[in-house]
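Asker: The file below is query-v1.txt, compact mmCIF, C-alpha atoms:
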# COMPACT_ATOMS: atom_id res chain seq x y z
CA MET A 1 -34.30 -49.96 69.10
CA LYS A 2 -30.87 -50.96 70.23
CA GLY A 3 -30.28 -52.75 66.92
CA LYS A 4 -31.27 -49.63 64.97
CA LYS A 5 -28.92 -47.45 67.01
CA THR A 6 -26.06 -49.87 66.46
CA GLY A 7 -26.75 -49.88 62.71
CA ALA A 8 -26.88 -46.08 62.62
CA LYS A 9 -23.57 -45.87 64.46
CA LYS A 10 -21.96 -48.23 61.95
CA VAL A 11 -23.22 -46.11 59.05
CA PHE A 12 -21.99 -42.94 60.78
CA TRP A 13 -18.52 -44.34 61.44
CA GLY A 14 -18.35 -45.76 57.92
CA ARG A 15 -19.13 -42.38 56.39
CA LEU A 16 -16.66 -40.66 58.70
CA ILE A 17 -13.87 -43.03 57.66
CA LEU A 18 -14.68 -42.44 53.96
CA LEU A 19 -14.59 -38.68 54.46
CA MET A 20 -11.25 -38.90 56.27
CA PHE A 21 -9.82 -41.10 53.50
CA ALA A 22 -11.03 -38.68 50.83
CA ALA A 23 -9.49 -35.74 52.71
CA VAL A 24 -6.12 -37.51 52.92
CA LEU A 25 -6.32 -38.50 49.24
CA PHE A 26 -7.05 -34.99 48.01
CA ALA A 27 -4.43 -33.54 50.32
CA GLY A 28 -1.87 -35.92 48.82
CA CYS A 29 -2.88 -34.96 45.28
CA GLY A 30 -2.64 -31.32 46.22
CA ASN A 31 0.85 -31.80 47.62
CA ARG A 32 1.98 -33.65 44.50
CA SER A 33 0.49 -30.95 42.29
CA THR A 34 2.22 -28.25 44.32
CA LYS A 35 5.53 -30.11 44.17
CA THR A 36 5.21 -30.50 40.39
CA LYS A 37 4.47 -26.80 39.97
CA ASP A 38 7.38 -25.90 42.24
CA ALA A 39 9.71 -28.13 40.21
CA GLU A 40 8.56 -26.52 36.96
CA ALA A 41 8.97 -23.05 38.44
CA SER A 42 12.49 -23.87 39.63
CA LYS A 43 13.62 -24.84 36.12
CA GLU A 44 15.97 -22.40 34.45
CA LYS A 45 14.33 -20.40 31.67
CA ILE A 46 15.96 -20.46 28.25
CA ASP A 47 15.49 -18.36 25.11
CA ASP A 48 14.98 -19.85 21.65
CA VAL A 49 18.40 -18.51 20.60
CA VAL A 50 21.36 -18.58 23.00
CA GLN A 51 24.84 -17.18 22.44
CA ILE A 52 27.58 -19.67 23.27
CA PRO A 53 29.70 -18.22 26.11
CA GLU A 54 33.43 -17.64 25.89
CA ASP A 55 34.24 -20.96 27.57
CA GLY A 56 31.86 -22.74 25.20
CA VAL A 57 29.93 -24.52 27.97
CA ILE A 58 26.16 -24.86 27.92
CA THR A 59 25.11 -26.15 31.34
CA ARG A 60 23.00 -29.14 32.28
CA GLU A 61 20.40 -26.79 33.75
CA GLN A 62 20.06 -24.98 30.41
CA PHE A 63 19.42 -28.25 28.59
CA GLU A 64 17.02 -29.41 31.30
CA ALA A 65 15.01 -26.21 30.76
CA PHE A 66 13.67 -27.62 27.46
CA GLU A 67 14.40 -31.35 27.80
CA GLY A 68 11.39 -33.43 26.78
CA THR A 69 9.61 -30.50 25.10
CA ASP A 70 8.89 -29.74 21.44
CA ARG A 71 11.21 -26.73 21.51
CA VAL A 72 14.32 -26.60 19.33
CA ILE A 73 16.94 -24.32 20.87
CA THR A 74 19.68 -22.74 18.75
CA PHE A 75 23.12 -22.09 20.25
CA GLU A 76 25.13 -19.60 18.19
CA GLY A 77 28.90 -19.16 18.13
CA GLN A 78 31.66 -17.38 16.24
CA SER A 79 35.23 -18.42 15.53
CA GLY A 80 37.19 -15.85 13.55
CA ASP A 81 35.35 -15.25 10.27
CA ILE A 82 33.28 -18.42 10.64
CA SER A 83 29.89 -18.35 12.31
CA TYR A 84 28.17 -21.54 13.44
CA LYS A 85 25.12 -22.75 15.28
CA TRP A 86 23.93 -25.91 17.00
CA GLU A 87 20.26 -26.87 16.95
CA TYR A 88 19.10 -29.11 19.79
CA PRO A 89 15.62 -30.71 19.72
CA GLY A 90 14.34 -30.89 23.29
CA ARG A 91 12.10 -33.89 22.61
CA ASN A 92 15.12 -36.14 21.99
CA ILE A 93 17.40 -35.01 24.82
CA HIS A 94 18.34 -37.73 27.32
CA ASN A 95 20.55 -37.48 30.41
CA ALA A 96 21.28 -33.77 30.10
CA THR A 97 24.78 -32.72 31.12
CA ASP A 98 27.20 -29.85 30.54
CA MET A 99 28.33 -29.64 26.89
CA ASP A 100 31.19 -27.67 25.36
CA LEU A 101 29.73 -26.37 22.09
CA SER A 102 32.71 -24.28 21.02
CA VAL A 103 34.24 -25.37 17.70
CA ASP A 104 37.86 -24.98 16.58
CA PHE A 105 38.13 -24.75 12.80
CA THR A 106 40.98 -25.68 10.47
CA THR A 107 41.00 -23.75 7.20
CA ASP A 108 44.66 -23.55 6.14
CA ASP A 109 45.87 -25.69 3.25
CA GLY A 110 48.61 -27.27 5.34
CA GLY A 111 46.14 -28.61 7.88
CA LEU A 112 43.74 -29.87 5.20
CA ALA A 113 46.12 -31.35 2.61
CA GLN A 114 45.96 -34.85 4.11
CA ILE A 115 42.17 -35.14 4.27
CA LYS A 116 41.81 -33.68 0.77
CA SER A 117 44.23 -36.29 -0.56
CA LEU A 118 42.45 -39.12 1.26
CA SER A 119 39.14 -37.90 -0.17
CA GLY A 120 40.21 -38.22 -3.80
CA GLU A 121 41.84 -34.79 -4.05
CA ALA A 122 38.73 -32.93 -2.94
CA PRO A 123 39.14 -29.25 -3.86
CA PHE A 124 37.44 -27.91 -0.73
CA ALA A 125 37.55 -28.84 2.95
CA VAL A 126 37.16 -27.45 6.44
CA GLY A 127 38.20 -29.09 9.71
CA MET A 128 36.14 -28.90 12.90
CA LYS A 129 37.32 -29.98 16.33
CA LEU A 130 34.19 -31.01 18.26
CA LYS A 131 34.73 -31.27 21.99
CA GLY A 132 33.38 -33.61 24.64
CA THR A 133 33.07 -37.35 25.11
CA GLY A 134 29.42 -38.02 24.30
CA LEU A 135 26.11 -36.63 23.12
CA ILE A 136 22.75 -36.09 24.81
CA THR A 137 20.95 -36.18 21.43
CA VAL A 138 21.81 -35.86 17.73
CA PRO A 139 22.11 -32.11 17.10
CA THR A 140 22.47 -30.30 13.79
CA LEU A 141 25.62 -28.21 13.31
CA THR A 142 25.44 -25.46 10.68
CA VAL A 143 28.57 -23.60 9.61
CA GLU A 144 28.66 -20.42 7.53
CA LEU A 145 31.99 -19.94 5.77
CA PRO A 146 33.37 -16.51 4.84
CA GLU A 147 33.70 -17.62 1.21
CA ALA A 148 31.81 -19.45 -1.51
CA TRP A 149 32.89 -22.93 -2.57
CA ASP A 150 32.50 -23.94 -6.19
CA ALA A 151 30.88 -27.20 -5.14
CA ASP A 152 27.49 -28.88 -5.06
CA THR A 153 28.16 -32.03 -3.02
CA ALA A 154 29.75 -32.52 0.39
CA VAL A 155 30.58 -35.29 2.86
CA PHE A 156 31.04 -35.25 6.64
CA CYS A 157 33.99 -37.46 7.57
CA LYS A 158 36.99 -38.07 9.80
CA GLU A 159 40.46 -39.49 9.35
CA LYS A 160 41.09 -42.93 10.81
CA ASP A 161 43.96 -45.34 10.19
CA GLY A 162 45.13 -43.35 7.20
CA LYS A 163 41.71 -43.31 5.55
CA ALA A 164 38.87 -40.83 5.19
CA VAL A 165 35.88 -42.43 6.91
CA LYS A 166 32.51 -41.08 5.79
CA LEU A 167 30.05 -40.41 8.61
CA SER A 168 27.23 -38.92 6.56
CA ASP A 169 26.39 -36.63 3.68
CA ALA A 170 26.51 -32.91 4.40
CA ASP A 171 24.06 -30.31 3.16
CA LEU A 172 25.74 -27.55 1.14
CA VAL A 173 24.13 -24.36 -0.14
CA THR A 174 25.63 -21.12 -1.37
CA GLU A 175 23.82 -17.96 -0.37
CA GLY A 176 24.22 -14.50 -1.87
CA SER A 177 26.13 -13.64 -5.03
CA GLY A 178 29.37 -12.06 -6.16
CA THR A 179 31.68 -10.98 -3.37
CA ASP A 180 28.86 -11.48 -0.84
CA ALA A 181 28.42 -15.18 -1.65
CA ARG A 182 28.83 -17.56 1.29
CA THR A 183 28.75 -21.34 1.54
CA VAL A 184 26.67 -22.81 4.36
CA LEU A 185 27.24 -26.39 5.53
CA SER A 186 24.93 -28.47 7.73
CA VAL A 187 25.59 -31.88 9.29
CA LYS A 188 23.92 -34.21 11.77
CA VAL A 189 26.51 -34.76 14.50
CA THR A 190 26.53 -38.35 15.75
CA GLU A 191 29.81 -38.25 17.66
CA VAL A 192 32.25 -35.78 19.21
CA GLY A 193 35.70 -35.83 20.76
CA ASP A 194 37.79 -35.66 17.58
CA THR A 195 38.56 -33.50 14.56
CA TYR A 196 36.03 -33.93 11.78
CA TYR A 197 35.90 -32.60 8.25
CA VAL A 198 33.51 -31.55 5.55
CA VAL A 199 35.04 -32.16 2.12
CA ALA A 200 33.33 -30.94 -1.01
CA GLY A 201 33.52 -30.70 -4.78
CA LEU A 202 31.46 -30.83 -7.95
CA SER A 203 29.35 -33.89 -8.64
CA GLY A 204 29.78 -35.80 -11.89
CA GLU A 205 26.50 -34.38 -13.16
CA ALA A 206 27.60 -30.81 -12.49
CA MET A 207 30.95 -31.34 -14.21
CA ALA A 208 29.26 -32.92 -17.23
CA ALA A 209 26.82 -30.03 -17.46
CA ARG A 210 29.68 -27.54 -17.47
CA GLN A 211 31.49 -29.40 -20.22
CA GLU A 212 28.36 -29.31 -22.36
CA THR A 213 28.18 -25.54 -22.07
Let me see the file written as structure tokens.

Answerer:
Amino acid sequence: MKGKKTGAKKVFWGRLILLMFAAVLFAGCGNRSTKTKDAEASKEKIDDVVQIPEDGVITREQFEAFEGTDRVITFEGQSGDISYKWEYPGRNIHNATDMDLSVDFTTDDGGLAQIKSLSGEAPFAVGMKLKGTGLITVPTLTVELPEAWDADTAVFCKEKDGKAVKLSDADLVTEGSGTDARTVLSVKVTEVGDTYYVVAGLSGEAMAARQET
């Protein structure tokens, strides 16, 4: 009888220990779940379209609000007659930080003569001063000009050591017609902290087609 009682006690204590372990385990999971929910709730909410403030700064908290998600947030700005927007894909954001998304544009002939000359006498150009020292992802910058360029090909570049250095091709479309026509430029921005340019003109094919007509 004594042996049976001892065995029963061992089973009892074994079950009690398992129950206590399970309680601690589930309590820990509950705490982690609560902490995760609290962290999500504490994140700043952000709309799909955000107006760039007067100082140009989008905060780290705003980027963190959609970092790692499938959302693409658009930040819209205006500089004189030029409107522009940045598109940031949340999935590719790393090490979010404050970013100055304001853009200073150069449109006068005097400020663009050099880059036009270095680009083979390109008939059209616009300068864009992009601020900051680094990127948290590769955003798309779209610029709507207040005029229509007679062009069908464009390049995103910068001036370095007296040369026009191509960074990438730029997308160029003209929307509207007549006096309402506007040229819209889009580029993938892979660096900031300098003045960059989009230069444009007619491709050889377009010029040949015009000569035929």

Asker: Do you know which residues lie at most 12 Å from (37.9, -35.7, 20.9), with coordinates as in the file and only C-alpha atoms counted, and could you write them as a PDB file with C-alpha atoms, keeping the file's coordinate frame?

Answerer:
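Everything below was put into result03.pdb:
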ATOM      1  CA  ASP A 100      31.190 -27.670  25.360  1.00  0.00           C
ATOM      2  CA  VAL A 103      34.240 -25.370  17.700  1.00  0.00           C
ATOM      3  CA  ASP A 104      37.860 -24.980  16.580  1.00  0.00           C
ATOM      4  CA  MET A 128      36.140 -28.900  12.900  1.00  0.00           C
ATOM      5  CA  LYS A 129      37.320 -29.980  16.330  1.00  0.00           C
ATOM      6  CA  LEU A 130      34.190 -31.010  18.260  1.00  0.00           C
ATOM      7  CA  LYS A 131      34.730 -31.270  21.990  1.00  0.00           C
ATOM      8  CA  GLY A 132      33.380 -33.610  24.640  1.00  0.00           C
ATOM      9  CA  THR A 133      33.070 -37.350  25.110  1.00  0.00           C
ATOM     10  CA  GLY A 134      29.420 -38.020  24.300  1.00  0.00           C
ATOM     11  CA  LYS A 158      36.990 -38.070   9.800  1.00  0.00           C
ATOM     12  CA  GLU A 191      29.810 -38.250  17.660  1.00  0.00           C
ATOM     13  CA  VAL A 192      32.250 -35.780  19.210  1.00  0.00           C
ATOM     14  CA  GLY A 193      35.700 -35.830  20.760  1.00  0.00           C
ATOM     15  CA  ASP A 194      37.790 -35.660  17.580  1.00  0.00           C
ATOM     16  CA  THR A 195      38.560 -33.500  14.560  1.00  0.00           C
ATOM     17  CA  TYR A 196      36.030 -33.930  11.780  1.00  0.00           C
TER      18      TYR A 196
END

Asker: One decimal, Å: what's the distance from CA of Thr107 (chain A) over to CA of Thr74 (chain A), could you say?

Answerer: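 For CA of Thr107 (chain A) relative to CA of Thr74 (chain A), the distance reads 24.3 Å.
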
Asker: Skipping near chain neighbours, those fewer than 3 positions away, what residues fall within 10 Å of Ala200 (chain A) using all atoms listed in the file, listed as a list in words?

Answerer: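 The filter keeps Lys116, Ser119, Glu121, Ala122, Pro123, Phe124, Ala125, Val126, Trp149, Asp150, Ala151, Asp152, Thr153, Ala154, Val155, Phe156, Ala170, Leu172, Tyr197 and Ser203 of chain A.
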
Asker: I'd like the neighbourhood of Lys85 (chain A) as a PyMOL selection string, where a residue qualifies if any of its atoms comes within 8 Å (using only C-alpha atoms), though same-chain residues fewer than 6 positions away should be ignored.

Answerer: chain A and resi 74-77+141-143

Asker: Tell me, in Å to one decimal, how far CA of Arg91 (chain A) is from CA of Val184 (chain A).

Answerer: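 Straight-line distance from CA of Arg91 (chain A) to CA of Val184 (chain A) works out to 25.8 Å.
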
Asker: What is the CA of Ile82 (chain A) to CA of Lys163 (chain A) distance in Å?

Answerer: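 Between CA of Ile82 (chain A) and CA of Lys163 (chain A) the gap works out to 26.8 Å.
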